[in-house]
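For reference, the structure discussed in these notes is given below.
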Amino acid sequence: MQPQVKFTILLIAGLLAAAGGGCGRPPQAAPQNLQLIASLRTALSAQNPEWLEKNVAIIDQRHQAGEMSQREYDEFQRIITIAQEGQWQEAERQTHAFLAAQRPTREQRERLAQ
């Protein structure tokens, strides 16, 4: 197979995987849960299991109270699982990506415009 054809096939496969494989950006967190992302990141950077478990309890409580979407909860759980497997730095990196993916809500933008 010619190198250019091989490259084209790999490029198309990569684009299809990125588009449909669920590897998009993390979900938008509810405004009241933004601080939880930062709190989780602190626990992870300190590699502190006690702080991690405190975050787990708050995340579970907010999810059960309907104050957190399922997608948001799943993202937190994914990161927590990574940390619980001992991969603290990777979990912290994922938390940073979660935080970086957040965008201001319409209400927040309007408040800033005033």
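By convention here, the chains of the structure tokens are called A, B, ... in the order presented, each chain's residues are numbered starting at 1, and ligands are numbered starting at 1 in the order presented.
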### Task
Quick one: everything within 10 Å of Leu99 of chain A, counting only C-alpha atoms, minus sequence neighbours fewer than 2 positions away in the same chain. Send it as a PyMOL selection string.
chain A and resi 26-29+34-38+41+93-97+101-103
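For Glu53 of chain A, the set of protein, DNA and RNA residues having any atom at most 10 Å away, when counting only C-alpha atoms and skipping those fewer than 5 positions along the same chain, is Leu40, Ala43, Asn48, Ile58, Ile59, Ile80 and Gln84 of chain A.
In terms of minimum interatomic distance to Gly86 of chain A, A:Gln47 ranks closest within A:Gln47, A:Gln32, A:Gln61, A:Thr42, counting only C-alpha atoms.
Considering only C-alpha atoms, the residue among A:Glu90, A:Glu110, A:Glu75, A:Glu67 positioned nearest to Ala30 of chain A is A:Glu67.
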### Query
Of the candidates A:Gln108, A:Glu50, A:Gln87, A:Val56, which one gets nearest to Asp74 of chain A if we count only C-alpha atoms?
A:Val56
### Message
If you run DSSP on the backbone here, which positions in segment 20-104 of chain A get helix (DSSP H, G or I)? Please write them as a ChimeraX atom specification.
### Response
/A:20,31-45,49-64,70-84,88-100
Would you save the residues from that selection as a compact mmCIF listing (two decimals), in the first residue's frame, using C-alpha atoms?
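Once written, out_26.txt looks like this:
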# COMPACT_ATOMS: atom_id res chain seq x y z
CA GLY A 20 -18.06 8.97 17.44
CA PRO A 31 -22.35 26.21 38.64
CA GLN A 32 -22.81 24.95 42.20
CA ASN A 33 -20.44 22.04 41.44
CA LEU A 34 -17.52 23.98 39.98
CA GLN A 35 -15.89 24.27 43.39
CA LEU A 36 -16.06 20.48 43.69
CA ILE A 37 -13.80 20.10 40.67
CA ALA A 38 -11.24 22.38 42.31
CA SER A 39 -11.61 20.58 45.63
CA LEU A 40 -11.09 17.21 43.96
CA ARG A 41 -8.02 18.52 42.17
CA THR A 42 -6.57 19.68 45.50
CA ALA A 43 -7.13 16.22 47.02
CA LEU A 44 -5.47 14.61 44.02
CA SER A 45 -2.48 16.92 43.90
CA PRO A 49 -7.03 9.65 50.43
CA GLU A 50 -9.00 11.29 53.26
CA TRP A 51 -9.68 14.42 51.18
CA LEU A 52 -10.54 12.22 48.21
CA GLU A 53 -13.15 10.34 50.27
CA LYS A 54 -14.65 13.62 51.51
CA ASN A 55 -15.10 14.68 47.89
CA VAL A 56 -16.62 11.28 47.04
CA ALA A 57 -19.20 11.74 49.82
CA ILE A 58 -20.15 15.24 48.64
CA ILE A 59 -20.36 14.14 45.00
CA ASP A 60 -22.58 11.17 45.92
CA GLN A 61 -24.78 13.38 48.10
CA ARG A 62 -25.24 16.01 45.37
CA HIS A 63 -25.98 13.38 42.76
CA GLN A 64 -28.58 11.67 44.97
CA GLN A 70 -25.61 11.87 35.37
CA ARG A 71 -22.91 12.89 32.85
CA GLU A 72 -21.29 15.14 35.42
CA TYR A 73 -21.46 12.41 38.07
CA ASP A 74 -19.99 9.86 35.65
CA GLU A 75 -17.06 12.18 34.91
CA PHE A 76 -16.34 12.63 38.62
CA GLN A 77 -16.59 8.86 39.15
CA ARG A 78 -14.24 8.15 36.25
CA ILE A 79 -11.60 10.45 37.74
CA ILE A 80 -12.11 9.09 41.26
CA THR A 81 -11.65 5.53 40.02
CA ILE A 82 -8.34 6.48 38.42
CA ALA A 83 -7.17 7.96 41.73
CA GLN A 84 -8.37 4.96 43.73
CA TRP A 88 -2.95 10.16 41.28
CA GLN A 89 -1.15 12.23 38.64
CA GLU A 90 -3.33 10.94 35.82
CA ALA A 91 -6.46 11.63 37.87
CA GLU A 92 -5.21 15.14 38.57
CA ARG A 93 -4.54 15.65 34.84
CA GLN A 94 -8.08 14.50 34.05
CA THR A 95 -9.47 16.85 36.70
CA HIS A 96 -7.56 19.75 35.17
CA ALA A 97 -9.08 18.88 31.78
CA PHE A 98 -12.54 18.76 33.39
CA LEU A 99 -12.01 22.20 34.90
CA ALA A 100 -10.53 23.63 31.69
